[in-house]
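Contents: one structure, followed by commentary.
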2 protein chains.
Amino acid sequence: MTKEELFLTIKKKKSFLCIGLDTDITKLPAKLLETEDPVFEFNKNIIDLSHDLCVAYKLNTAFYESQGAKGWLSLENTINYINKTAPGVFTIADAKRGDIGNTSKMYAKAFLETLNFDAITVAPYMGEDSISPFLEYKNKWVILLALTSNKGAFDFQTSKVSMNEKQSGPPIERFLYQQVIETSKKWSSPENMMYVVGATKAEMLLDIRKIIPDNFLLVPGVGAQGGSLHDVVKYGINKQCGLLVNSSRGIIYASTENNYAARAREEAQKLQKEMEILLNQYLL
Amino acid sequence: MTKEELFLTIKKKKSFLCIGLDTDITKLPAKLLETEDPVFEFNKNIIDLSHDLCVAYKLNTAFYESQGAKGWLSLENTINYINKTAPGVFTIADAKRGDIGNTSKMYAKAFLETLNFDAITVAPYMGEDSISPFLEYKNKWVILLALTSNKGAFDFQTSKVSMNEKQSGPPIERFLYQQVIETSKKWSSPENMMYVVGATKAEMLLDIRKIIPDNFLLVPGVGAQGGSLHDVVKYGINKQCGLLVNSSRGIIYASTENNYAARAREEAQKLQKEMEILLNQYLL
């Protein structure tokens with residue numbers, strides 16, 4: 001999917017909602033456990049009742065891998081179902097991979113080719129050759145970790161780093177997450193790179209937008225983790241919206257009873273309505 | 001496996017070799033492709049002919065995931081086979097995971113419980129709560145990325161970072177990889193944390209040993225990537241050896257013909273013999 005196509009979908013649906021399918025088999029209604037692939041059944045019902053309200057689904061690979069090969073089948077079934085029944089929806093493998101070049105090439109094949117996701121989240125620690133193999137796929141996306149939504153974000157991401165970028169003059173000092181953005185934007189374009197920036201640190205979006213005015217940002221941490229949607233939009237929106245705001249637990253576990261899909265729809269609709277108001281106020 | 005048990009195995013086998021099963025289905029001898037699980041068949045034959053020479057196997061998840069759910073089955077078959085037929089060998093999921101706490105908990109379950117690996121490689125970018133769920137498993141290990149063997153290691157890992165560690169006094173300046181080691185050693189002990197340090201940067205091991213004299217290091221990059229085994233030992237060995245040196249391609253693809261397992265054994269034996277000499281010279 002191109003950036004322009006994503007923006008058109010956002011305008012059409014009046015939504016920049018990404019629904020996180022972090023599906024934990026221990027939290028499913030009992031009746032689903034009798035089906036052949038309970039995790040897929042759960043996802044299917046959520047997708048059926050929410051794909052008109054969101055522009056993206058994010059599948060967190062950890063929840064699938066915790067079930068071994070069976071879980072990987074649930075992942076395959078889910079992405080295939082989205083690609084078949086909701087082909088205009090942007091799909092993200094929240095895999096946080098990244099390895100030496102020949103290995104990242106294998107991860108790129110796994111997620112962007114075999115499973116046919118539109119995008120994959122990647123960790124920046126191993127540098128350019130760990131990321132570039134993902135960028136070789138046309139109309140596919142890397143979503144690079146910049147400033148995450150967890151407490152541990154303050155362990156290294158907000159350390160001050162100094163880099164000598166010019167032959168003369170003093171080194172430039174920045175936070176590590178800013179340096180990650182500065183350096184990685186030279187490897188990529190706003191047409192194939194997004195960044196993860198946690199909603200729990202919304203005011204930092206102002207400075208981030210000075211470095212990357214045009215890139216889309218994937219924003220976790222609204223809802224269960226406490227971030228404010230209004231602040232994210234206020235500080236982070238750009239002229240093509242430039243935001244995908246993710247909610248996982250707040251939507252898919254709104255109810256753990258048999259009405260889970262209907263309750264998920266209600267929660268997704270609440271967020272979509274808020275987003276519609278904010279889009280009208282800040283963009284359209 | 002405990003640190004003491006690992007050291008005893010090293011002394012007994014006179015080897016600190018880790019064999020990387022980065023098994024690429026496109027590089028297998030044609031006759032294997034007729035079997036039900038060619039990647040597992042390949043691994044099985046390599047394991048049968050090498051487990052007396054090595055102390056660890058490292059399975060790089062990317063190569064398995066590139067084949068989808070089928071690949072994940074090959075991964076399961078392989079780790080189960082090692083745990084059954086070579087129970088004293090240390091097993092590493094080279095997965096380079098790391099996510100917010102509730103997600104890392106799922107990855108820990110996937111690799112340390114469901115698949116029953118002894119260790120998993122983890123990326124440090126997301127900080128403490130992304131790593132601590134892995135440390136909760138008794139006698140299991142985190143192997144944290146510090147200084148990797150690829151070109152991209154110089155993009156961020158060798159940036160200078162400054163941290164205010166005391167109430168007064170100037171901030172302390174270190175390389176990011178040193179800071180990762182300094183900070184993370186407070187979360188863990190040499191009994192449950194190892195570090196990845198590339199053989200291509202062997203002289204940096206001297207400074208790393210000043211920070212972590214007692215931790216094991218997993219050292220990739222000997223062989224195909226050009227690192228020197230002698231330098232790794234010279235600069236990195238400690239009183240319990242403290243080194244696992246990995247070779248992947250140099251061993252498993254020594255031949256792409258039907259004699260691949262025998263040729264892999266020959267290459268593994270060469271390395272084991274070198275290691276025996278170095279152990280006699282520097283340790284025993």
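Residues in the structure tokens are named by chain (A, B, ... in the order shown) and by number from 1 within that chain; ligands are numbered from 1 in the order shown.
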
(Q) List as a ChimeraX atom specification the protein and nucleic acid residues near Met106 in chain A, meaning an atom at most 9 Å away when only C-alpha atoms are counted, but skip any in the same chain fewer than 3 places from it. (A) /A:101-103,109-111,133 /B:24,62-66

Q: When you get a sec, could you note down which chain B residues fall within 7 Å of chain A, using only C-alpha atoms, as JSON, numbers by chain?
A: {"B": [62, 63, 65, 66, 67, 68, 69, 72, 73, 96, 97, 100, 103, 106, 107, 109, 110, 114, 125, 126, 127, 128, 129, 130, 148, 150, 151, 152, 153, 155, 156, 157, 159, 160, 161, 162, 163]}

Q: List every residue of range 24-189 of chain B that DSSP, applied to the backbone, labels as strand (DSSP E), and write the result as a PyMOL selection string.
A: chain B and resi 56-60+90-97+119-122+141-147+160-163+172-175

Give me a file of those residues, with N, CA and C atoms, as a CSV table (one decimal), in the first residue's frame.
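Below is the file that was written, again02.csv:
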chain,number,residue,atom,x,y,z
B,56,ALA,N,27.1,-26.1,22.2
B,56,ALA,CA,25.8,-25.4,22.1
B,56,ALA,C,25.4,-25.5,20.6
B,57,TYR,N,24.1,-25.4,20.4
B,57,TYR,CA,23.5,-25.2,19.1
B,57,TYR,C,22.7,-23.9,19.2
B,58,LYS,N,22.8,-23.1,18.1
B,58,LYS,CA,22.0,-21.8,18.0
B,58,LYS,C,21.1,-21.9,16.8
B,59,LEU,N,19.8,-21.8,17.0
B,59,LEU,CA,18.9,-21.9,15.9
B,59,LEU,C,18.4,-20.4,15.6
B,60,ASN,N,18.7,-20.0,14.4
B,60,ASN,CA,18.3,-18.6,14.0
B,60,ASN,C,16.8,-18.7,13.5
B,90,PHE,N,23.8,-27.0,25.3
B,90,PHE,CA,23.2,-25.8,25.5
B,90,PHE,C,22.5,-25.3,24.3
B,91,THR,N,21.2,-24.9,24.4
B,91,THR,CA,20.4,-24.5,23.2
B,91,THR,C,20.0,-23.1,23.2
B,92,ILE,N,20.2,-22.4,22.1
B,92,ILE,CA,20.0,-21.0,22.0
B,92,ILE,C,19.0,-20.7,20.9
B,93,ALA,N,17.9,-20.0,21.2
B,93,ALA,CA,17.0,-19.4,20.2
B,93,ALA,C,17.5,-18.1,19.8
B,94,ASP,N,18.1,-18.0,18.6
B,94,ASP,CA,18.7,-16.7,18.2
B,94,ASP,C,17.5,-15.9,17.5
B,95,ALA,N,16.7,-15.3,18.4
B,95,ALA,CA,15.5,-14.7,18.0
B,95,ALA,C,15.5,-13.2,18.1
B,96,LYS,N,16.4,-12.6,18.8
B,96,LYS,CA,16.6,-11.2,18.9
B,96,LYS,C,15.2,-10.5,19.2
B,97,ARG,N,14.5,-11.0,20.1
B,97,ARG,CA,13.2,-10.4,20.5
B,97,ARG,C,13.4,-9.3,21.5
B,119,ALA,N,18.2,-20.7,26.2
B,119,ALA,CA,18.6,-19.3,26.1
B,119,ALA,C,17.9,-18.7,24.9
B,120,ILE,N,17.7,-17.4,25.0
B,120,ILE,CA,17.2,-16.6,23.9
B,120,ILE,C,18.0,-15.3,23.7
B,121,THR,N,18.3,-14.9,22.5
B,121,THR,CA,18.9,-13.6,22.3
B,121,THR,C,17.9,-12.5,22.3
B,122,VAL,N,18.2,-11.4,22.9
B,122,VAL,CA,17.2,-10.3,23.1
B,122,VAL,C,17.9,-9.0,22.8
B,141,TRP,N,18.5,-18.5,30.3
B,141,TRP,CA,19.4,-17.4,30.0
B,141,TRP,C,18.8,-16.4,29.0
B,142,VAL,N,19.2,-15.1,29.3
B,142,VAL,CA,19.1,-14.1,28.3
B,142,VAL,C,20.4,-13.8,27.7
B,143,ILE,N,20.5,-13.7,26.4
B,143,ILE,CA,21.8,-13.3,25.7
B,143,ILE,C,21.5,-12.0,25.1
B,144,LEU,N,22.0,-10.9,25.7
B,144,LEU,CA,21.6,-9.6,25.3
B,144,LEU,C,22.6,-9.1,24.2
B,145,LEU,N,22.0,-8.5,23.1
B,145,LEU,CA,22.9,-7.9,22.1
B,145,LEU,C,23.7,-6.7,22.7
B,146,ALA,N,25.0,-6.8,22.6
B,146,ALA,CA,25.8,-5.6,23.0
B,146,ALA,C,26.5,-5.0,21.8
B,147,LEU,N,27.5,-5.8,21.3
B,147,LEU,CA,28.2,-5.3,20.1
B,147,LEU,C,28.2,-6.3,19.1
B,160,LYS,N,28.7,7.6,21.3
B,160,LYS,CA,29.0,8.0,22.6
B,160,LYS,C,27.8,8.5,23.4
B,161,VAL,N,27.5,7.9,24.5
B,161,VAL,CA,26.3,8.3,25.3
B,161,VAL,C,26.8,8.8,26.6
B,162,SER,N,26.1,9.8,27.2
B,162,SER,CA,26.5,10.3,28.5
B,162,SER,C,25.3,10.1,29.5
B,163,MET,N,25.6,9.6,30.7
B,163,MET,CA,24.6,9.3,31.7
B,163,MET,C,25.0,10.0,33.0
B,172,ILE,N,28.9,10.5,33.0
B,172,ILE,CA,29.9,9.6,32.5
B,172,ILE,C,29.6,9.3,31.1
B,173,GLU,N,30.7,9.3,30.3
B,173,GLU,CA,30.6,9.1,28.8
B,173,GLU,C,31.1,7.7,28.4
B,174,ARG,N,30.3,7.0,27.7
B,174,ARG,CA,30.6,5.6,27.2
B,174,ARG,C,30.1,5.4,25.9
B,175,PHE,N,30.5,4.3,25.2
B,175,PHE,CA,29.8,3.8,24.0
B,175,PHE,C,28.5,3.3,24.4

(Q) Quick one: residues within 8 Å of Gln240 in chain A, only C-alpha atoms, excluding same-chain residues fewer than 3 positions away - as a count of residues only? (A) 3

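The closest residue to Glu257 in chain A, picked from A:Ile47, A:Leu28, A:Leu279, A:Gly223 and counting only C-alpha atoms, is A:Leu28.
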
Q. Out of A:Tyr253, A:Tyr260, A:Tyr282, A:Phe216, which residue has the shortest atom-to-atom distance to Leu21 in chain A when counting only C-alpha atoms?
A. A:Tyr253

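Between CA of Ile19 in chain B and CA of Met1 in chain B lies a distance of 17.6 Å.
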
**Q.** Polymer residues at most 12 Å from Arg265 in chain B, only C-alpha atoms, same-chain spacing of 6 or more positions, as a VMD selection string
**A.** chain B and resid 19 45 to 54 250 to 255 259 271 to 273

Q | Members of range 150-252 of chain B assigned helix (DSSP H, G or I) by DSSP, as JSON, numbers by chain | A | {"B": [153, 154, 155, 156, 176, 177, 178, 179, 180, 181, 182, 183, 184, 199, 200, 201, 202, 203, 204, 205, 206, 207, 208, 209, 210, 211, 229, 230, 231, 232, 233, 234, 235, 236, 249, 250, 251, 252]}

Please dump the current selection as a CSV table (one decimal), in the first residue's frame; keep N, CA and C atoms.
chain,number,residue,atom,x,y,z
B,153,ALA,N,26.6,-2.3,13.2
B,153,ALA,CA,27.0,-2.1,14.7
B,153,ALA,C,27.5,-0.7,14.9
B,154,PHE,N,28.1,-0.1,13.9
B,154,PHE,CA,28.7,1.2,14.1
B,154,PHE,C,27.7,2.4,13.9
B,155,ASP,N,26.5,2.0,13.6
B,155,ASP,CA,25.5,3.1,13.4
B,155,ASP,C,25.0,3.7,14.7
B,156,PHE,N,24.7,2.8,15.7
B,156,PHE,CA,24.3,3.3,17.0
B,156,PHE,C,25.1,2.7,18.2
B,176,LEU,N,27.5,3.3,23.5
B,176,LEU,CA,26.2,2.8,23.8
B,176,LEU,C,26.3,1.3,24.2
B,177,TYR,N,27.1,0.5,23.5
B,177,TYR,CA,27.1,-0.9,23.9
B,177,TYR,C,27.7,-1.1,25.3
B,178,GLN,N,28.6,-0.2,25.7
B,178,GLN,CA,29.1,-0.3,27.0
B,178,GLN,C,28.1,0.0,28.1
B,179,GLN,N,27.3,1.1,27.7
B,179,GLN,CA,26.2,1.5,28.6
B,179,GLN,C,25.2,0.4,28.7
B,180,VAL,N,24.9,-0.3,27.6
B,180,VAL,CA,23.9,-1.4,27.7
B,180,VAL,C,24.4,-2.4,28.6
B,181,ILE,N,25.7,-2.7,28.6
B,181,ILE,CA,26.2,-3.8,29.5
B,181,ILE,C,26.2,-3.3,30.9
B,182,GLU,N,26.7,-2.0,31.2
B,182,GLU,CA,26.7,-1.4,32.5
B,182,GLU,C,25.3,-1.4,33.1
B,183,THR,N,24.3,-1.0,32.4
B,183,THR,CA,23.0,-0.9,32.9
B,183,THR,C,22.3,-2.2,33.1
B,184,SER,N,22.5,-3.1,32.2
B,184,SER,CA,21.7,-4.4,32.2
B,184,SER,C,22.3,-5.3,33.3
B,199,ALA,N,33.0,-11.3,17.0
B,199,ALA,CA,34.4,-11.6,16.8
B,199,ALA,C,35.1,-10.6,15.9
B,200,THR,N,34.4,-9.9,15.1
B,200,THR,CA,35.0,-8.9,14.2
B,200,THR,C,35.5,-7.7,15.0
B,201,LYS,N,35.2,-7.6,16.2
B,201,LYS,CA,35.7,-6.5,17.1
B,201,LYS,C,36.4,-7.0,18.3
B,202,ALA,N,37.3,-8.0,18.1
B,202,ALA,CA,37.8,-8.8,19.2
B,202,ALA,C,38.6,-7.9,20.2
B,203,GLU,N,39.3,-6.9,19.8
B,203,GLU,CA,40.1,-6.1,20.7
B,203,GLU,C,39.2,-5.3,21.7
B,204,MET,N,38.0,-5.1,21.3
B,204,MET,CA,37.1,-4.4,22.2
B,204,MET,C,36.7,-5.3,23.4
B,205,LEU,N,37.0,-6.6,23.3
B,205,LEU,CA,36.7,-7.5,24.4
B,205,LEU,C,37.4,-7.2,25.7
B,206,LEU,N,38.6,-6.6,25.5
B,206,LEU,CA,39.4,-6.2,26.7
B,206,LEU,C,38.7,-5.3,27.6
B,207,ASP,N,38.1,-4.2,27.0
B,207,ASP,CA,37.3,-3.2,27.8
B,207,ASP,C,36.0,-3.8,28.3
B,208,ILE,N,35.4,-4.7,27.5
B,208,ILE,CA,34.2,-5.3,27.9
B,208,ILE,C,34.4,-6.2,29.2
B,209,ARG,N,35.6,-6.9,29.2
B,209,ARG,CA,35.9,-7.8,30.3
B,209,ARG,C,36.1,-7.0,31.6
B,210,LYS,N,36.5,-5.7,31.4
B,210,LYS,CA,36.6,-4.9,32.7
B,210,LYS,C,35.2,-4.6,33.3
B,211,ILE,N,34.2,-4.6,32.5
B,211,ILE,CA,32.8,-4.3,33.0
B,211,ILE,C,32.2,-5.6,33.5
B,229,LEU,N,39.6,-16.5,15.8
B,229,LEU,CA,39.3,-17.2,17.0
B,229,LEU,C,40.4,-16.9,18.1
B,230,HIS,N,41.7,-16.9,17.6
B,230,HIS,CA,42.8,-16.6,18.5
B,230,HIS,C,42.6,-15.3,19.3
B,231,ASP,N,42.2,-14.3,18.6
B,231,ASP,CA,42.1,-12.9,19.2
B,231,ASP,C,40.9,-12.9,20.2
B,232,VAL,N,39.8,-13.6,19.8
B,232,VAL,CA,38.7,-13.7,20.7
B,232,VAL,C,39.1,-14.3,22.0
B,233,VAL,N,39.9,-15.4,22.0
B,233,VAL,CA,40.3,-16.1,23.2
B,233,VAL,C,41.3,-15.2,24.0
B,234,LYS,N,42.2,-14.7,23.3
B,234,LYS,CA,43.3,-13.8,23.9
B,234,LYS,C,42.6,-12.7,24.7
B,235,TYR,N,41.6,-12.0,24.1
B,235,TYR,CA,41.1,-10.8,24.7
B,235,TYR,C,39.8,-11.1,25.6
B,236,GLY,N,39.2,-12.3,25.3
B,236,GLY,CA,37.9,-12.5,26.0
B,236,GLY,C,37.8,-13.6,27.0
B,249,ARG,N,27.5,-20.8,8.8
B,249,ARG,CA,27.7,-21.1,7.4
B,249,ARG,C,29.0,-21.9,7.2
B,250,GLY,N,30.0,-21.6,7.9
B,250,GLY,CA,31.3,-22.2,7.7
B,250,GLY,C,31.2,-23.7,8.0
B,251,ILE,N,30.3,-24.1,8.9
B,251,ILE,CA,30.1,-25.5,9.2
B,251,ILE,C,29.0,-26.2,8.4
B,252,ILE,N,27.8,-25.6,8.5
B,252,ILE,CA,26.7,-26.4,7.9
B,252,ILE,C,26.7,-26.4,6.4
